[in-house]
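This report concerns only the one structure given below.
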Amino acid sequence: MIYMLSDGQKLTSKLKMTYKVVRFIASGGQGEVYEVEDKKGARFALKWYFKHSATPYQQKLIERLIERGSPDSRFLWPLDIILRGGLFGYVMRLRPPMYKGIVDLMKRRAEPTFAALCMAGINLSDGYQSLHSQGLCYRDISFGNLFFHPANGDVLICDNDNVTVNLDGESTTNGTPRFIAPEIITGKKLPSTETDLYSMAVLLFYMFMLHHPLEGAVEANIKCFDAKAMEKIYGHDPIFIWDPANEKNRPIPGYQNNAIIFWGMYPPYLREMFTKAFTKGLRNGNARIVEKEWKDAFATLKNSILYCQSCGKENFFKKKLVCWACGANISPPPRLNIKGQLVMLNHNSSIYAHHLHGNFDFETVVGKLSKHPTQPGKWGLTNMSSDTWTFTTAKGDTSVIEPGKNAPLVAGATVNFGATEGAIE
């Protein structure tokens with residue numbers, strides 16, 4: 001195969017940086033992506049546009065994005081531009097190999113825990129919130145531009161060369177089929193934050209349900225799935241597969257099993273959010289779920305994870321605690337109730353800064369579960385912070401929990417963390 005750039009070729013950027021082409025990575029609809037190296041040996045990615053994509057508008061857009069700078073570190077944002085022979089490309093950070101795509105998740109080539117998946121949902125929502133807060137529109141949220149770390153849920157957002165201000169009519173990028181908001185398909189509106197919110201909800205549904213929210217019996221019964229059929233299903237007559245007021249598009253057992261199995265696994269509040277996103281939110285941009293609501297939902301979902309005592313699989317705390325994997329009844333672990341926020345105290349649980357401050361900081365550990373050194377089966381909550389806690393029993397007896405010391409898990413007791421208080425249930 002003949003590539004546009006060759007290994008070892010040297011290119012000088014607009015910022016007077018010299019990059020050497022190391023290897024070809026991949027090809028897409030707009031161009032080819034290469035790994036390149038600067039004079040100090042640092043590695044980057046270079047997206048080099050095909051002739052039909054190397055338009056004056058695209059060059060101007062890239063230069064504007066470089067000047068503006070990245071919304072935050074999760075974006076593989078354009079850093080530099082290289083002009084050569086009437087063509088051009090832009091330099092961005094190189095995606096580390098441990099990050100996987102949503103297609104890897106769908107095909108089970110990546111198997112994150114539910115805890116990591118919840119963090120991916122939080123990080124994805126937070127990343128797009130950073131972008132939208134600057135009046136920008138991504139325009140093409142889909143499988144191909146999000147990567148996540150299966151171990152911890154960190155995310156990277158790539159292909160940022162189509163980002164524009166809201167309702168930019170000059171760009172020709174309207175999105176990827178199956179992710180495009182209905183009002184764009186029907187020609188009623190241009191891409192904006194509102195249409196991004198729809199595409200983001202579709203992506204989140206794929207991540208948590210491994211299925212498309214509009215693909216049920218209607219899609220299954222179409223004999224010729226051509227452009228006209230796609231416009232009907234995703235644009236002119238979309239029907240959520242779990243629409244409580246319309247059962248016409250329910251998923252078909254044996255053919256669309258993911259949608260059935262995963263939908264039943266999650267607590268009611270998450271199902272209600274997806275239902276709102278794909279009923280009211282299908283046709284009303286103002287009714288769509290915003291990023292903060294998704295972050296709150298996935299934080300709550302992460303807090304609710306518990307383990308089946310029979311098979312060890314992750315489950316979610318809800319009224320009927322029956323393991324989705326083996327069917328066994330589950331006995332819930334102790335819980336910490338912090339202002340109505342229930343945190344399951346599993347063997348591997350931690351209390352994070354988020355639980356005290358509501359800031360989505362799931363990296364700063366303030367407490368963690370620990371075994372009693374001499375009494376098997378007895379657990380405590382170790383103070384991992386620099387603050388002193390106050391422990392109060394149900395009878396009103398108090399004691400001080402210094403950093404590094406343990407608060408016993410006693411039902412009815414409370415722990416005052418300084419910033420807030422939690423009750424052990």
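The chains in the structure tokens are called A, B, ... from first to last as shown; in each chain the residues are counted from 1, and the ligands are counted from 1 in the order shown.
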Spatial neighbours of region 86-101 of chain A, max dist 9 Å, only C-alpha atoms, sep filter under 2 positions, as a CSV table (one decimal) with C-alpha atoms, in the first residue's frame:
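Okay, part_22.csv is ready:
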chain,number,residue,atom,x,y,z
A,13,SER,CA,5.8,22.8,11.3
A,31,GLY,CA,-6.8,11.3,6.0
A,35,GLU,CA,3.4,8.4,14.6
A,36,VAL,CA,6.1,11.1,14.5
A,43,ARG,CA,6.4,10.9,20.2
A,44,PHE,CA,3.2,12.4,18.8
A,45,ALA,CA,0.5,11.6,16.4
A,46,LEU,CA,0.1,13.4,13.0
A,47,LYS,CA,-3.1,13.5,11.1
A,48,TRP,CA,-2.4,14.2,7.4
A,49,TYR,CA,-5.4,15.1,5.3
A,50,PHE,CA,-6.3,13.7,2.0
A,51,LYS,CA,-6.4,16.3,-0.8
A,54,ALA,CA,-7.4,19.7,3.0
A,55,THR,CA,-9.7,22.7,2.4
A,59,GLN,CA,-6.8,24.7,7.7
A,62,ILE,CA,-7.2,23.8,12.9
A,75,PHE,CA,-8.6,16.0,24.6
A,76,LEU,CA,-6.0,15.0,22.1
A,77,TRP,CA,-6.1,18.5,20.8
A,78,PRO,CA,-4.3,20.0,17.8
A,79,LEU,CA,-0.9,21.3,19.0
A,80,ASP,CA,0.8,22.3,15.8
A,81,ILE,CA,0.2,22.4,12.0
A,82,ILE,CA,2.4,21.3,9.2
A,83,LEU,CA,2.0,22.7,5.7
A,84,ARG,CA,3.6,21.0,2.7
A,103,VAL,CA,-15.9,-1.1,19.8
A,104,ASP,CA,-13.4,-3.1,21.9
A,105,LEU,CA,-16.0,-3.0,24.7
A,106,MET,CA,-18.8,-4.0,22.4
A,109,ARG,CA,-11.9,-7.2,23.7
A,110,ALA,CA,-11.9,-5.0,26.7
A,143,PHE,CA,-17.6,5.3,18.7
A,144,GLY,CA,-14.5,6.4,16.9
A,145,ASN,CA,-13.5,9.4,18.9
A,146,LEU,CA,-13.5,8.1,22.5
A,147,PHE,CA,-11.0,5.9,24.2
A,148,PHE,CA,-11.0,4.7,27.8
A,149,HIS,CA,-8.6,2.9,30.1
A,150,PRO,CA,-10.2,-0.4,31.1
A,154,ASP,CA,-9.8,7.5,32.4
A,155,VAL,CA,-10.8,8.7,28.9
A,156,LEU,CA,-9.2,10.4,25.9
A,158,CYS,CA,-9.6,12.4,19.8
A,161,ASP,CA,-10.4,18.8,14.3
May I have a table of the residues of region 70-146 of chain A lying at most 12 Å from region 315-337 of chain A, giving each one's closest pair of atoms and their distance in Å to one decimal, counting only C-alpha atoms, ordered by chain and ascending residue number, as JSON lines?
{"residue": "A:Thr113", "atom": "CA", "partner": "A:Asn315", "partner_atom": "CA", "distance": 10.6}
{"residue": "A:Phe114", "atom": "CA", "partner": "A:Asn315", "partner_atom": "CA", "distance": 8.5}
{"residue": "A:Ala115", "atom": "CA", "partner": "A:Asn315", "partner_atom": "CA", "distance": 10.3}
{"residue": "A:Cys118", "atom": "CA", "partner": "A:Phe316", "partner_atom": "CA", "distance": 11.8}
**Request:** Going by DSSP on the backbone, which bits of region 248-425 of chain A are helix (DSSP H, G or I)? Write them as a VMD selection string, please.
**Result:** chain A and resid 257 to 265 268 to 277 280 to 283 285 to 287 291 to 303 353 to 357
**Request:** Name the residues of region 258-379 of chain A that come out as strand (DSSP E or B) in a backbone DSSP run; write them as a ChimeraX atom specification.
**Result:** /A:305-307,314-316,322,329,335-338,341-344,350-352,365-371,379
**Asked** If we count only C-alpha atoms, what is near region 346-360 of chain A at a cut-off of 8 Å, once residues fewer than 4 positions away on the same chain are taken out, given as a VMD selection string?
**Response** chain A and resid 122 295 299 306 to 307 333 to 334 338 341 364 to 370 417 419 to 420
For Thr172 (chain A), please output as a compact mmCIF listing (two decimals) with N, CA, C and O atoms, in the first residue's frame all residues within 12 Å (counting only C-alpha atoms; exclusion window: fewer than 4 positions along the same chain).
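Wrote part32.txt, looks like this:
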# COMPACT_ATOMS: atom_id res chain seq x y z
N SER A 53 -9.91 16.65 1.66
CA SER A 53 -10.23 17.16 3.00
C SER A 53 -9.38 18.37 3.39
O SER A 53 -9.70 19.07 4.35
N THR A 55 -9.03 21.43 2.90
CA THR A 55 -9.66 22.66 2.42
C THR A 55 -9.15 23.88 3.17
O THR A 55 -8.66 23.76 4.32
N TYR A 57 -10.95 26.04 4.62
CA TYR A 57 -11.74 26.13 5.85
C TYR A 57 -11.16 25.21 6.93
O TYR A 57 -11.03 25.60 8.09
N GLN A 58 -10.80 23.96 6.55
CA GLN A 58 -10.27 23.02 7.54
C GLN A 58 -8.94 23.53 8.11
O GLN A 58 -8.69 23.41 9.30
N ARG A 139 -19.65 18.10 17.50
CA ARG A 139 -20.27 17.80 16.21
C ARG A 139 -20.28 16.33 15.83
O ARG A 139 -21.09 15.93 14.99
N ASP A 140 -19.42 15.49 16.40
CA ASP A 140 -19.31 14.11 15.90
C ASP A 140 -19.01 13.13 17.02
O ASP A 140 -18.11 12.30 16.91
N ASN A 162 -12.81 18.72 14.20
CA ASN A 162 -14.11 19.17 13.70
C ASN A 162 -14.85 20.03 14.71
O ASN A 162 -16.00 20.41 14.48
N VAL A 163 -14.22 20.34 15.83
CA VAL A 163 -14.85 21.16 16.86
C VAL A 163 -15.06 22.58 16.35
O VAL A 163 -14.14 23.20 15.80
N THR A 164 -16.28 23.10 16.54
CA THR A 164 -16.58 24.47 16.13
C THR A 164 -17.39 25.15 17.22
O THR A 164 -17.77 24.52 18.23
N LEU A 167 -23.69 26.02 16.33
CA LEU A 167 -24.47 26.42 15.16
C LEU A 167 -23.62 26.98 14.03
O LEU A 167 -24.09 27.80 13.23
N ASP A 168 -22.37 26.53 13.93
CA ASP A 168 -21.50 26.95 12.82
C ASP A 168 -22.04 26.33 11.53
O ASP A 168 -22.11 25.11 11.39
N THR A 176 -21.87 11.18 12.91
CA THR A 176 -21.77 9.81 12.43
C THR A 176 -23.15 9.15 12.46
O THR A 176 -23.87 9.31 13.46
N ILE A 184 -31.04 17.13 13.27
CA ILE A 184 -30.03 17.33 12.22
C ILE A 184 -30.40 16.49 11.00
O ILE A 184 -30.33 16.95 9.86
N LEU A 190 -28.79 22.92 13.10
CA LEU A 190 -27.36 22.68 12.91
C LEU A 190 -26.78 22.10 14.20
O LEU A 190 -27.38 22.23 15.28
N PRO A 191 -25.59 21.48 14.12
CA PRO A 191 -24.96 20.94 15.33
C PRO A 191 -24.73 22.01 16.39
O PRO A 191 -24.36 23.15 16.09
**Message:** From the options A:Cys137, A:Leu345, A:Glu37, A:Ser304, which residue's atoms come nearest to Ser171 (chain A), counting only C-alpha atoms?
**Reply:**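 That would be A:Cys137, the residue with the smallest distance to Ser171 (chain A).
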**Asked** For Asn152 (chain A), which residue out of A:Ala201, A:Phe362, A:Asn286, A:Pro403 is the nearest one, using only C-alpha atoms?
**Response**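 Of all the options, A:Phe362 lies closest to Asn152 (chain A).
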**Item:** Point-to-point distance from CA of Pro56 (chain A) to CA of Ser130 (chain A), Å rounded to tenths
**Value:**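 About the pair CA of Pro56 (chain A) and CA of Ser130 (chain A): they are 27.6 Å apart.
CA of Ala26 (chain A) is positioned 21.4 Å from CA of Gly41 (chain A).
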**Asked** Between CA of Arg283 (chain A) and CA of Pro213 (chain A), what is the distance, to one decimal in Å?
**Response**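 Here the two named atoms are 14.5 Å from each other.
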**Request:** Could you give me, as an MDAnalysis selection string, the residues within 7 Å of Lys20 (chain A), counting only C-alpha atoms and dropping anything in the same chain fewer than 4 positions from it?
**Result:** chainID A and resid 8:11 36:38
**Item:** region 240-254 of chain A surroundings by only C-alpha atoms, 6 Å radius, close-in-sequence under 4 positions cut, as JSON, numbers by chain
**Value:** {"A": [213, 214, 216, 217, 218, 278]}
Keeping N, CA, C and O atoms for every residue in the selection just given, could you write it to a file as a PDB file, in the first residue's frame?
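Final output, saved to result-v3.pdb:
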ATOM      1  N   PRO A 213     -30.000   2.626  21.496  1.00  0.00           N
ATOM      2  CA  PRO A 213     -31.294   2.861  22.147  1.00  0.00           C
ATOM      3  C   PRO A 213     -32.507   2.846  21.222  1.00  0.00           C
ATOM      4  O   PRO A 213     -33.640   2.780  21.703  1.00  0.00           O
ATOM      5  N   LEU A 214     -32.310   2.906  19.903  1.00  0.00           N
ATOM      6  CA  LEU A 214     -33.436   2.951  18.982  1.00  0.00           C
ATOM      7  C   LEU A 214     -33.558   1.695  18.122  1.00  0.00           C
ATOM      8  O   LEU A 214     -34.426   1.618  17.257  1.00  0.00           O
ATOM      9  N   GLY A 216     -34.676  -1.811  17.901  1.00  0.00           N
ATOM     10  CA  GLY A 216     -35.470  -2.899  18.438  1.00  0.00           C
ATOM     11  C   GLY A 216     -36.176  -3.640  17.321  1.00  0.00           C
ATOM     12  O   GLY A 216     -35.602  -3.874  16.245  1.00  0.00           O
ATOM     13  N   ALA A 217     -37.433  -3.972  17.553  1.00  0.00           N
ATOM     14  CA  ALA A 217     -38.202  -4.766  16.584  1.00  0.00           C
ATOM     15  C   ALA A 217     -38.360  -4.063  15.244  1.00  0.00           C
ATOM     16  O   ALA A 217     -38.350  -4.714  14.192  1.00  0.00           O
ATOM     17  N   VAL A 218     -38.486  -2.730  15.271  1.00  0.00           N
ATOM     18  CA  VAL A 218     -38.654  -1.992  14.010  1.00  0.00           C
ATOM     19  C   VAL A 218     -37.440  -2.177  13.118  1.00  0.00           C
ATOM     20  O   VAL A 218     -37.550  -2.495  11.926  1.00  0.00           O
ATOM     21  N   PHE A 278     -34.307   9.494  25.755  1.00  0.00           N
ATOM     22  CA  PHE A 278     -34.752   8.984  24.452  1.00  0.00           C
ATOM     23  C   PHE A 278     -36.273   8.967  24.287  1.00  0.00           C
ATOM     24  O   PHE A 278     -36.791   8.274  23.423  1.00  0.00           O
TER      25      PHE A 278
END
**Message:** So, with only C-alpha atoms as the atoms that count, which of A:Leu282, A:Met4, A:Val290, A:Met209 lies closest to Gly85 (chain A)?
**Reply:** A:Met4
